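As provided, structure34.txt (compact mmCIF, C-alpha atoms and all ligand atoms) reads as follows.
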# COMPACT_ATOMS: atom_id res chain seq x y z
CA SER O 1 101.05 89.52 116.09
CA PRO O 2 100.83 90.91 112.57
CA ILE O 3 98.73 88.95 110.08
CA GLN O 4 100.98 87.07 107.68
CA LEU O 5 99.92 87.99 104.18
CA PRO O 6 101.57 87.33 100.88
CA HIS O 7 103.34 90.49 99.75
CA LEU O 8 102.44 90.06 96.13
CA LEU O 9 99.07 88.67 95.24
CA VAL O 10 98.41 90.20 91.81
CA THR O 11 95.02 88.66 91.29
CA ARG O 12 92.37 90.16 89.13
CA GLN O 13 89.45 90.32 91.46
CA ASP O 14 86.17 89.56 89.84
CA ILE O 15 84.69 92.72 91.24
CA GLN O 16 81.01 92.21 90.68
CA THR O 17 79.71 95.51 89.50
CA PRO O 18 76.96 96.09 86.97
CA ILE O 19 78.50 97.45 83.78
CA ASN O 20 77.05 100.71 82.50
CA SER O 21 78.59 101.37 79.11
CA SER O 22 77.96 105.11 79.36
CA LEU O 23 80.29 105.40 82.39
CA PRO O 24 84.08 105.63 82.34
CA ASN O 25 86.11 102.56 83.33
CA VAL O 26 88.46 102.84 86.29
CA THR O 27 90.77 100.14 87.62
CA ILE O 28 91.72 99.87 91.28
CA PHE O 29 95.02 98.34 92.36
CA ALA O 30 94.72 97.53 96.07
CA THR O 31 97.84 97.13 98.18
CA GLY O 32 96.60 97.34 101.80
CA GLY O 33 97.10 100.03 104.43
CA THR O 34 94.69 101.57 106.90
CA ILE O 35 92.08 102.05 104.20
CA ALA O 36 91.86 98.23 104.11
CA SER O 37 92.12 97.74 107.88
CA GLN O 38 89.74 96.72 110.62
CA GLY O 39 89.83 97.31 114.36
CA ALA O 40 88.11 95.41 117.13
CA SER O 41 85.69 98.29 117.81
CA ASN O 42 84.57 101.50 116.12
CA THR O 43 86.68 103.57 118.49
CA GLN O 44 89.92 101.71 117.84
CA THR O 45 92.12 103.97 115.73
CA THR O 46 95.52 102.44 116.46
CA GLY O 47 96.75 98.87 116.42
CA TYR O 48 94.21 97.66 113.85
CA GLN O 49 94.90 94.98 111.24
CA VAL O 50 95.04 95.04 107.45
CA GLY O 51 92.68 92.55 105.87
CA LEU O 52 89.94 93.94 103.62
CA GLY O 53 90.19 93.04 99.95
CA VAL O 54 89.51 95.26 96.97
CA GLN O 55 85.98 93.91 96.60
CA GLN O 56 85.17 94.95 100.17
CA LEU O 57 86.62 98.43 99.59
CA VAL O 58 84.28 98.89 96.63
CA ASP O 59 81.32 97.32 98.42
CA ALA O 60 81.66 99.96 101.15
CA VAL O 61 81.08 102.75 98.60
CA PRO O 62 78.33 101.65 96.21
CA GLU O 63 78.04 105.28 95.03
CA ILE O 64 81.20 104.62 93.03
CA LEU O 65 79.08 102.60 90.63
CA ASN O 66 77.02 105.67 89.78
CA ILE O 67 80.09 107.34 88.33
CA SER O 68 82.24 104.52 86.94
CA ASN O 69 82.66 100.87 86.14
CA VAL O 70 85.37 99.55 88.41
CA ALA O 71 87.67 96.58 88.03
CA GLY O 72 90.18 95.64 90.67
CA TYR O 73 93.48 93.91 91.23
CA GLN O 74 94.67 92.81 94.64
CA ILE O 75 98.40 93.45 94.41
CA SER O 76 99.21 92.92 98.08
CA ASN O 77 97.47 93.43 101.38
CA VAL O 78 100.07 94.88 103.70
CA GLY O 79 100.89 97.92 105.79
CA SER O 80 102.76 100.31 103.55
CA GLY O 81 105.97 99.81 105.53
CA SER O 82 106.07 96.42 103.79
CA ILE O 83 105.64 97.72 100.25
CA ASN O 84 108.82 96.78 98.40
CA SER O 85 110.34 97.30 94.98
CA THR O 86 108.78 94.09 93.64
CA ILE O 87 105.36 95.54 94.42
CA SER O 88 106.09 98.99 93.07
CA LEU O 89 107.55 97.58 89.85
CA THR O 90 104.55 95.30 89.46
CA LEU O 91 102.29 98.33 89.92
CA ALA O 92 104.19 100.31 87.29
CA HIS O 93 104.05 97.45 84.78
CA MET O 94 100.39 96.73 85.35
CA ILE O 95 99.33 100.39 85.38
CA ASN O 96 101.17 101.10 82.12
CA ALA O 97 99.40 98.12 80.54
CA GLU O 98 96.04 99.13 81.96
CA LEU O 99 96.27 102.74 80.83
CA ALA O 100 97.24 101.62 77.34
CA LYS O 101 93.70 100.21 76.98
CA ASP O 102 91.50 102.67 75.11
CA ASP O 103 88.50 102.09 77.32
CA VAL O 104 90.25 102.75 80.66
CA SER O 105 89.97 106.34 81.91
CA GLY O 106 92.33 106.14 84.85
CA VAL O 107 93.64 104.01 87.68
CA ILE O 108 93.68 104.12 91.45
CA VAL O 109 96.17 102.67 93.89
CA THR O 110 94.85 102.12 97.41
CA HIS O 111 97.82 102.20 99.75
CA GLY O 112 98.88 102.76 103.34
CA THR O 113 99.75 106.39 103.94
CA ASP O 114 103.07 105.79 105.72
CA THR O 115 105.01 105.23 102.50
CA LEU O 116 102.36 106.29 99.99
CA GLU O 117 104.46 109.22 98.89
CA GLU O 118 107.26 106.83 97.88
CA THR O 119 105.03 104.65 95.69
CA ALA O 120 103.28 107.72 94.29
CA PHE O 121 106.57 109.35 93.36
CA PHE O 122 107.80 106.06 91.89
CA LEU O 123 104.66 105.86 89.73
CA SER O 124 104.98 109.50 88.76
CA SER O 125 108.48 108.59 87.55
CA THR O 126 107.58 105.37 85.72
CA VAL O 127 104.04 105.59 84.35
CA ASN O 128 103.96 107.02 80.88
CA SER O 129 100.41 108.08 80.14
CA PRO O 130 98.35 111.29 80.16
CA LYS O 131 95.61 109.44 82.06
CA PRO O 132 95.22 109.98 85.80
CA VAL O 133 96.96 107.76 88.34
CA ILE O 134 95.46 108.42 91.77
CA CYS O 135 97.02 107.13 94.99
CA VAL O 136 94.64 107.10 97.91
CA GLY O 137 94.69 105.95 101.51
CA ALA O 138 93.01 106.62 104.83
CA MET O 139 94.03 107.60 108.33
CA ARG O 140 91.24 105.73 110.13
CA PRO O 141 90.51 102.03 109.67
CA ALA O 142 87.36 101.05 107.81
CA THR O 143 85.68 100.06 111.09
CA ALA O 144 86.21 103.42 112.81
CA LEU O 145 83.62 106.05 113.59
CA SER O 146 83.97 108.60 110.79
CA ALA O 147 86.25 106.38 108.76
CA ASP O 148 87.80 108.53 106.05
CA GLY O 149 88.57 105.77 103.55
CA PRO O 150 85.18 105.54 101.81
CA LEU O 151 84.95 109.22 100.85
CA ASN O 152 88.63 109.32 99.97
CA LEU O 153 88.06 106.35 97.65
CA PHE O 154 84.96 107.96 96.14
CA GLN O 155 86.92 111.13 95.45
CA ALA O 156 89.79 109.13 93.95
CA VAL O 157 87.40 107.38 91.57
CA THR O 158 85.79 110.70 90.67
CA LEU O 159 89.17 112.11 89.70
CA ALA O 160 90.32 108.97 87.88
CA ALA O 161 87.11 109.07 85.84
CA SER O 162 87.35 112.79 85.09
CA PRO O 163 88.93 114.48 82.05
CA ALA O 164 90.15 117.07 84.58
CA GLY O 165 92.54 114.44 85.93
CA ARG O 166 94.46 114.09 82.67
CA ASP O 167 97.96 115.44 82.00
CA ARG O 168 98.76 115.94 85.66
CA SER O 169 100.91 112.89 86.36
CA THR O 170 100.37 110.87 89.54
CA MET O 171 98.26 112.51 92.25
CA ILE O 172 97.54 111.83 95.92
CA VAL O 173 93.97 112.19 97.14
CA LEU O 174 93.22 112.45 100.86
CA ASN O 175 91.00 114.55 103.07
CA ASP O 176 89.36 116.54 100.24
CA ARG O 177 92.71 117.52 98.77
CA ILE O 178 94.45 116.69 95.52
CA GLY O 179 98.24 116.75 95.78
CA SER O 180 100.95 116.24 93.22
CA ALA O 181 102.87 113.01 93.86
CA PHE O 182 105.93 114.96 92.88
CA TYR O 183 105.68 117.32 95.83
CA THR O 184 103.46 115.78 98.51
CA THR O 185 104.77 114.27 101.74
CA LYS O 186 103.24 112.76 104.89
CA ASN O 187 103.36 115.34 107.59
CA ASN O 188 101.61 113.92 110.63
CA ALA O 189 101.62 110.34 111.90
CA ASN O 190 97.99 110.39 113.02
CA THR O 191 95.73 113.16 111.76
CA LEU O 192 93.36 113.06 108.80
CA ASP O 193 95.00 116.03 107.12
CA THR O 194 98.39 114.38 107.08
CA PHE O 195 99.41 115.04 103.50
CA PHE O 196 101.18 118.28 102.91
CA SER O 197 102.33 119.82 99.70
CA THR O 198 105.82 121.06 100.28
CA GLU O 199 107.18 124.40 99.11
CA ALA O 200 105.68 123.58 95.73
CA GLY O 201 102.36 124.77 97.11
CA GLN O 202 104.06 128.06 96.25
CA LEU O 203 104.57 128.83 92.61
CA GLY O 204 108.33 128.79 92.89
CA VAL O 205 111.45 129.68 94.82
CA PHE O 206 114.60 131.67 94.27
CA ILE O 207 117.65 129.46 94.07
CA ASN O 208 120.66 131.65 94.63
CA GLN O 209 118.53 134.61 93.45
CA VAL O 210 117.43 132.82 90.26
CA PRO O 211 113.65 132.35 90.02
CA PHE O 212 112.62 128.73 89.63
CA PHE O 213 108.98 127.82 88.98
CA PHE O 214 107.67 124.39 89.97
CA PHE O 215 105.03 124.37 87.23
CA ALA O 216 104.76 125.41 83.62
CA PRO O 217 103.05 128.82 83.21
CA ALA O 218 99.36 128.62 84.12
CA GLU O 219 96.63 131.17 84.79
CA PRO O 220 94.59 131.10 88.00
CA VAL O 221 91.21 129.61 87.10
CA GLY O 222 88.61 132.36 86.95
CA ARG O 223 90.90 135.38 86.72
CA ILE O 224 89.09 138.32 85.11
CA VAL O 225 90.84 141.36 83.72
CA PHE O 226 88.82 144.57 83.99
CA ASP O 227 89.50 147.61 81.85
CA VAL O 228 89.80 150.50 84.33
CA ASP O 229 91.73 152.88 82.08
CA SER O 230 88.90 155.40 82.11
CA VAL O 231 87.73 154.68 85.66
CA SER O 232 88.49 157.29 88.31
CA ASP O 233 86.28 156.08 91.14
CA LEU O 234 85.32 152.61 92.40
CA ALA O 235 81.92 151.49 93.62
CA GLN O 236 81.56 151.44 97.41
CA VAL O 237 81.46 147.94 98.86
CA ASP O 238 81.50 147.22 102.59
CA ILE O 239 82.53 144.09 104.43
CA ILE O 240 80.28 143.00 107.30
CA TYR O 241 81.87 140.58 109.72
CA SER O 242 79.70 137.72 110.91
CA HIS O 243 79.88 136.63 114.54
CA GLN O 244 77.67 135.46 117.41
CA ASP O 245 74.95 138.04 118.14
CA MET O 246 75.82 140.12 115.08
CA ASP O 247 73.58 143.14 114.62
CA PRO O 248 71.26 142.61 111.62
CA ALA O 249 70.81 146.39 111.36
CA LEU O 250 74.34 146.66 109.95
CA PHE O 251 73.14 145.67 106.48
CA ASN O 252 70.66 148.52 106.11
CA ALA O 253 73.07 150.91 107.82
CA SER O 254 75.74 150.04 105.31
CA VAL O 255 73.46 150.74 102.35
CA ALA O 256 72.24 153.94 103.98
CA ALA O 257 75.87 155.03 104.15
CA GLY O 258 76.29 154.50 100.43
CA ALA O 259 77.30 150.88 99.91
CA GLU O 260 76.39 149.55 96.48
CA GLY O 261 77.40 146.04 97.39
CA ILE O 262 78.09 144.07 100.55
CA VAL O 263 80.47 141.26 101.35
CA VAL O 264 79.74 139.14 104.39
CA ALA O 265 82.74 137.58 106.11
CA GLY O 266 80.61 134.63 107.09
CA VAL O 267 81.13 132.02 109.76
CA GLY O 268 82.16 128.69 108.31
CA ALA O 269 81.38 128.49 104.60
CA GLY O 270 79.56 131.82 104.37
CA GLY O 271 77.10 131.53 107.27
CA THR O 272 75.35 134.08 109.46
CA SER O 273 72.72 134.00 112.19
CA SER O 274 69.14 133.46 111.06
CA LYS O 275 68.32 137.07 112.01
CA ALA O 276 71.15 138.36 109.83
CA ALA O 277 70.03 136.07 107.00
CA LEU O 278 66.53 137.54 107.25
CA ALA O 279 67.92 141.09 107.19
CA MET O 280 69.92 140.23 104.08
CA GLU O 281 66.89 138.73 102.38
CA GLU O 282 64.76 141.79 103.13
CA LEU O 283 67.49 144.11 101.92
CA TYR O 284 68.00 142.10 98.74
CA ASN O 285 64.26 141.97 98.00
CA ALA O 286 63.92 145.72 98.57
CA THR O 287 67.02 146.91 96.71
CA GLY O 288 68.51 144.03 94.67
CA ILE O 289 71.89 144.98 96.08
CA PRO O 290 74.51 142.24 95.54
CA ILE O 291 75.49 140.49 98.77
CA VAL O 292 78.49 138.20 98.52
CA ALA O 293 78.91 135.47 101.12
CA SER O 294 82.58 134.81 101.89
CA HIS O 295 84.28 133.26 104.91
CA ARG O 296 85.99 134.73 107.95
CA SER O 297 88.17 131.62 108.27
CA SER O 298 91.55 132.29 106.77
CA ASP O 299 91.17 129.70 104.02
CA GLY O 300 88.49 127.67 102.27
CA PHE O 301 85.67 128.30 99.84
CA VAL O 302 81.98 129.15 99.85
CA PRO O 303 80.06 126.99 97.38
CA SER O 304 77.27 128.39 95.28
CA GLY O 305 73.70 127.22 95.55
CA GLU O 306 73.26 127.74 99.30
CA ASP O 307 70.52 130.33 98.88
CA ASP O 308 69.09 132.68 96.23
CA VAL O 309 69.91 135.89 98.08
CA THR O 310 73.66 135.78 98.45
CA ILE O 311 76.35 135.30 95.83
CA ALA O 312 78.87 132.63 96.83
CA SER O 313 82.42 133.96 96.97
CA GLY O 314 84.01 130.69 95.82
CA PHE O 315 87.69 130.90 96.71
CA TYR O 316 87.76 134.69 97.17
CA ASN O 317 88.26 135.76 100.79
CA PRO O 318 86.27 138.79 102.04
CA GLN O 319 88.88 141.39 101.15
CA LYS O 320 89.40 139.97 97.66
CA SER O 321 85.64 139.51 97.22
CA ARG O 322 85.24 143.19 98.00
CA ILE O 323 87.65 144.23 95.27
CA LEU O 324 86.12 141.89 92.72
CA LEU O 325 82.64 143.20 93.55
CA GLN O 326 83.85 146.79 93.39
CA LEU O 327 85.33 146.21 89.94
CA ALA O 328 82.30 144.32 88.68
CA LEU O 329 79.91 147.05 89.88
CA THR O 330 82.12 149.82 88.58
CA VAL O 331 82.18 148.46 85.03
CA GLY O 332 78.43 147.82 85.14
CA TYR O 333 78.02 144.08 85.63
CA ASP O 334 74.44 143.06 86.36
CA GLU O 335 73.63 140.48 89.04
CA ALA O 336 73.90 137.52 86.68
CA ALA O 337 77.31 138.67 85.48
CA ILE O 338 78.47 139.21 89.07
CA ARG O 339 77.36 135.71 90.02
CA GLU O 340 79.19 134.32 87.03
CA ALA O 341 82.35 136.27 87.88
CA PHE O 342 82.50 134.74 91.35
CA ALA O 343 81.51 131.30 90.14
CA LYS O 344 84.42 131.28 87.71
CA SER O 345 86.79 130.74 90.63
CA TYR O 346 84.71 127.76 91.66
CA PRO O 347 82.99 126.10 88.72
CA MET O 348 80.10 124.04 89.98
CA PRO O 349 79.64 120.71 88.18
N1 LIG O 401 97.27 105.45 107.60
C1 LIG O 401 97.92 104.38 107.15
O1 LIG O 401 97.58 103.88 106.11
C2 LIG O 401 99.08 103.91 107.98
C3 LIG O 401 99.39 102.45 107.82
N2 LIG O 401 100.25 102.02 108.90
C4 LIG O 401 100.10 102.16 106.51
O2 LIG O 401 100.82 102.97 106.00
O3 LIG O 401 99.90 101.10 105.99
How does the structure come out when it is put into structure tokens?
Ligand SMILES: NC(=O)C[C@H](N)C(=O)O
Amino acid sequence: SPIQLPHLLVTRQDIQTPINSSLPNVTIFATGGTIASQGASNTQTTGYQVGLGVQQLVDAVPEILNISNVAGYQISNVGSGSINSTISLTLAHMINAELAKDDVSGVIVTHGTDTLEETAFFLSSTVNSPKPVICVGAMRPATALSADGPLNLFQAVTLAASPAGRDRSTMIVLNDRIGSAFYTTKNNANTLDTFFSTEAGQLGVFINQVPFFFFAPAEPVGRIVFDVDSVSDLAQVDIIYSHQDMDPALFNASVAAGAEGIVVAGVGAGGTSSKAALAMEELYNATGIPIVASHRSSDGFVPSGEDDVTIASGFYNPQKSRILLQLALTVGYDEAAIREAFAKSYPMP
């Protein structure tokens, strides 16, 4: 039988965290949900019970204290099907008051995912502050193997503490993604990647042939405009596709055939076999030719800093990496400038 819990607790928890005055202050409003749930075993991923308090959520992720000072309120401790308008109004009132404090950077609401989009949209419609409001949940209980709640909470705190979170209204953080509360909806009853940004993942739609944009005008981060007015020929760049048993000789063959740069459509986040990696290293040491590591998966990013030989593609897929590298080589970018051009799509902290 379900645990009987008061639906509205509203207690300021005396979260015991050492205060570091150089860190931003973040306040957590805990309401329950799977992120605060426990099962009987680490393989139980259905039928678990809500019960962990805000202090226990923070205790599970001590790394949070390296990036923020956290305070917490226990607003309720229920499955999100039991969140009601009393709770959501209390959240709105308390969050508005909290964000009005000069020393608070942002707030977090921990919440069950089933109705999280409703509370998040409500907050997006009632909280009046440029500071970040981050709603976060989990799809696996805290006791599960590979529980997702702790990292989701860490990411939520990171965003609430970050200047990058300002002026974006309420956001939903889950499974490495940041969604707009305005447009995000729960898509799958069970899987970790349940939140889905609706059509607004697109820039806009045509409504009866009239263009409507979901967002104010904004540039893609990292876009570079090259002056090709006097260019009549582009540098040759080849794409080499990574796969099991790939032939390492392809790299030298490509350069022998005239390539001035190479893009690798890597496995995973830019990977190759160790033999191919060695061939790339030898080629790079001998010629200094730029080798960009991208991904053969249809989406994702390749982070920089994996090795000194390749240039991480960031969010550029192989075919777009090739064009960017062609343009950069054609206008005479050196290696440092090429690295910077790719890194602009994916600024490393
Ligand atoms: N993943 C979850 O959090 C589901 C849970 N039943 C809730 O919404 O409270």
task = Identify, on the basis of all atoms listed in the file, every residue whose closest approach to segment 227-236 of chain O does not exceed 12 Å; exclude the query and any residue fewer than 3 positions from it along the same chain; express the result as a list in words.
result =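 Neighbouring residues, sequence-local ones excluded: Ile224, Ile239, Ser254, Val255, Ala256, Ala257, Gly258, Ala259, Glu260, Gly261, Ile262, Val263, Ile289, Pro290, Arg322, Ile323, Leu324, Leu325, Gln326, Leu327, Ala328, Leu329, Thr330, Val331, Gly332 and Tyr333 of chain O.
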key: Expected answer as a ChimeraX atom specification: residues within 7 Å of ligand LIG 401 (chain O), only C-alpha atoms and all ligand atoms   = /O:32-35,78-81,111-115,137-140
query = Which residue out of O:Val302, O:Val309, O:Val104, O:Val127 has the minimum interatomic distance to Gly268 of chain O when all atoms listed in the file are used?
reply =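 Under the stated criterion, the closest residue is O:Val302.
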task = Give as a list in words every residue, naming chains and numbers as the document does, that has an atom within 8 Å of (83.4, 128.7, 93.3), counting only C-alpha atoms.
result =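 With a cut-off of 8 Å, the residues come to Phe301, Val302, Pro303, Ser304, Ala312, Ser313, Gly314, Phe315, Phe342, Ala343, Lys344, Ser345, Tyr346, Pro347 and Met348 of chain O.
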ask   = When distances are computed from all atoms listed in the file, which of O:Gln13, O:Thr310, O:Thr86, O:Thr287 shows the smallest separation from Ala71 of chain O?
value =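 Ranking O:Gln13, O:Thr310, O:Thr86, O:Thr287 by distance to Ala71 of chain O, first place goes to O:Gln13.
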message = Measuring between all atoms listed in the file, which one of O:Ser124, O:Gln49, O:Val58, O:Met94 shows the shortest distance to Gln16 of chain O?
response = O:Val58
query = Can you list, as a ChimeraX atom specification, every protein, DNA or RNA residue that comes within 12 Å of segment 27-29 of chain O when you count all atoms listed in the file, leaving out same-chain residues fewer than 5 positions away?
reply = /O:8-15,53-55,57-58,64,68-77,87-88,90-99,101,103-111,131-137,153-154,156-157,160-161
inquiry  = Just to confirm, what's the straight-line distance from atom CA of Ala293 of chain O to atom CA of Asn175 of chain O in Å (one decimal)?
reply    =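 Taking atom CA of Ala293 of chain O and atom CA of Asn175 of chain O, their separation equals 24.2 Å.
Interatomic distance, atom CA of Gly204 of chain O to atom CA of Asp176 of chain O: 23.7 Å.
Atom CA of Asn128 of chain O sits 10.4 Å away from atom CA of Asp167 of chain O.
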inquiry  = From the options O:Thr272, O:Ser242, O:Phe121, O:Gly300, which residue's atoms come nearest to Arg177 of chain O, counting all atoms listed in the file?
reply    =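 Among the listed residues, O:Gly300 lies closest to Arg177 of chain O.
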ask   = Nearest to Phe213 of chain O: which of O:Val225, O:Met280, O:Ala200, O:Ala189 is it, counting all atoms listed in the file?
value =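 The shortest atom-to-atom distance to Phe213 of chain O comes from O:Ala200.
For Asn20 of chain O, the set of protein, DNA and RNA residues having any atom at most 9 Å away, when counting all atoms listed in the file and skipping those fewer than 2 positions along the same chain, is O:Pro18, O:Ser22, O:Leu23, O:Pro24, O:Leu65, O:Asn66, O:Ser68, O:Asn69.
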message = When you count only C-alpha atoms, which of these residues is closest to Leu116 of chain O: O:Thr31, O:Thr43, O:Gln244, O:Ser169?
response =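 Ranking O:Thr31, O:Thr43, O:Gln244, O:Ser169 by distance to Leu116 of chain O, first place goes to O:Thr31.
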message = Neighbouring residues of Phe214 of chain O were defined as those with any atom within 10 Å, considering all atoms listed in the file; residues of the same chain fewer than 5 positions away were excluded. Please report them as a list in words.
response =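 My reading of the contact set: Tyr183, Glu199, Ala200, Gly201, Gln202, Leu203, Gly204 and Val205 of chain O.
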Atoms are missing here; could segment 278-301 of chain O be completed with N, CA and C atoms and written as a tab-separated table (two decimals), in the coordinates of the input?
chain	number	residue	atom	x	y	z
O	278	LEU	N	67.81	136.91	107.54
O	278	LEU	CA	66.53	137.54	107.25
O	278	LEU	C	66.74	139.00	106.82
O	279	ALA	N	67.62	139.68	107.54
O	279	ALA	CA	67.92	141.09	107.19
O	279	ALA	C	68.49	141.17	105.78
O	280	MET	N	69.34	140.22	105.43
O	280	MET	CA	69.92	140.23	104.08
O	280	MET	C	68.84	139.99	103.03
O	281	GLU	N	67.95	139.05	103.34
O	281	GLU	CA	66.89	138.73	102.38
O	281	GLU	C	65.99	139.94	102.15
O	282	GLU	N	65.63	140.61	103.25
O	282	GLU	CA	64.76	141.79	103.13
O	282	GLU	C	65.46	142.89	102.33
O	283	LEU	N	66.73	143.08	102.62
O	283	LEU	CA	67.49	144.11	101.92
O	283	LEU	C	67.58	143.78	100.43
O	284	TYR	N	67.86	142.53	100.14
O	284	TYR	CA	68.00	142.10	98.74
O	284	TYR	C	66.67	142.26	98.00
O	285	ASN	N	65.58	141.86	98.65
O	285	ASN	CA	64.26	141.97	98.00
O	285	ASN	C	63.88	143.43	97.76
O	286	ALA	N	64.29	144.30	98.69
O	286	ALA	CA	63.92	145.72	98.57
O	286	ALA	C	64.80	146.46	97.58
O	287	THR	N	66.08	146.09	97.50
O	287	THR	CA	67.02	146.91	96.71
O	287	THR	C	67.72	146.15	95.59
O	288	GLY	N	67.76	144.82	95.66
O	288	GLY	CA	68.51	144.03	94.67
O	288	GLY	C	70.01	144.18	94.79
O	289	ILE	N	70.46	144.74	95.90
O	289	ILE	CA	71.89	144.98	96.08
O	289	ILE	C	72.64	143.63	96.15
O	290	PRO	N	73.78	143.51	95.47
O	290	PRO	CA	74.51	142.24	95.54
O	290	PRO	C	75.16	142.02	96.91
O	291	ILE	N	74.92	140.85	97.46
O	291	ILE	CA	75.49	140.49	98.77
O	291	ILE	C	76.31	139.22	98.57
O	292	VAL	N	77.61	139.35	98.74
O	292	VAL	CA	78.49	138.20	98.52
O	292	VAL	C	78.79	137.53	99.85
O	293	ALA	N	78.60	136.22	99.89
O	293	ALA	CA	78.91	135.47	101.12
O	293	ALA	C	80.32	134.88	100.99
O	294	SER	N	81.22	135.36	101.84
O	294	SER	CA	82.58	134.81	101.89
O	294	SER	C	82.79	134.19	103.27
O	295	HIS	N	84.02	133.97	103.65
O	295	HIS	CA	84.28	133.26	104.91
O	295	HIS	C	85.27	134.03	105.77
O	296	ARG	N	85.03	134.05	107.08
O	296	ARG	CA	85.99	134.73	107.95
O	296	ARG	C	87.16	133.81	108.30
O	297	SER	N	87.03	132.52	108.09
O	297	SER	CA	88.17	131.62	108.27
O	297	SER	C	89.24	132.01	107.27
O	298	SER	N	90.49	131.75	107.62
O	298	SER	CA	91.55	132.29	106.77
O	298	SER	C	91.61	131.60	105.42
O	299	ASP	N	91.09	130.39	105.30
O	299	ASP	CA	91.17	129.70	104.02
O	299	ASP	C	89.89	128.89	103.82
O	300	GLY	N	89.66	128.49	102.58
O	300	GLY	CA	88.49	127.67	102.27
O	300	GLY	C	87.70	128.29	101.14
O	301	PHE	N	86.50	127.77	100.92
O	301	PHE	CA	85.67	128.30	99.84
O	301	PHE	C	84.21	128.28	100.27
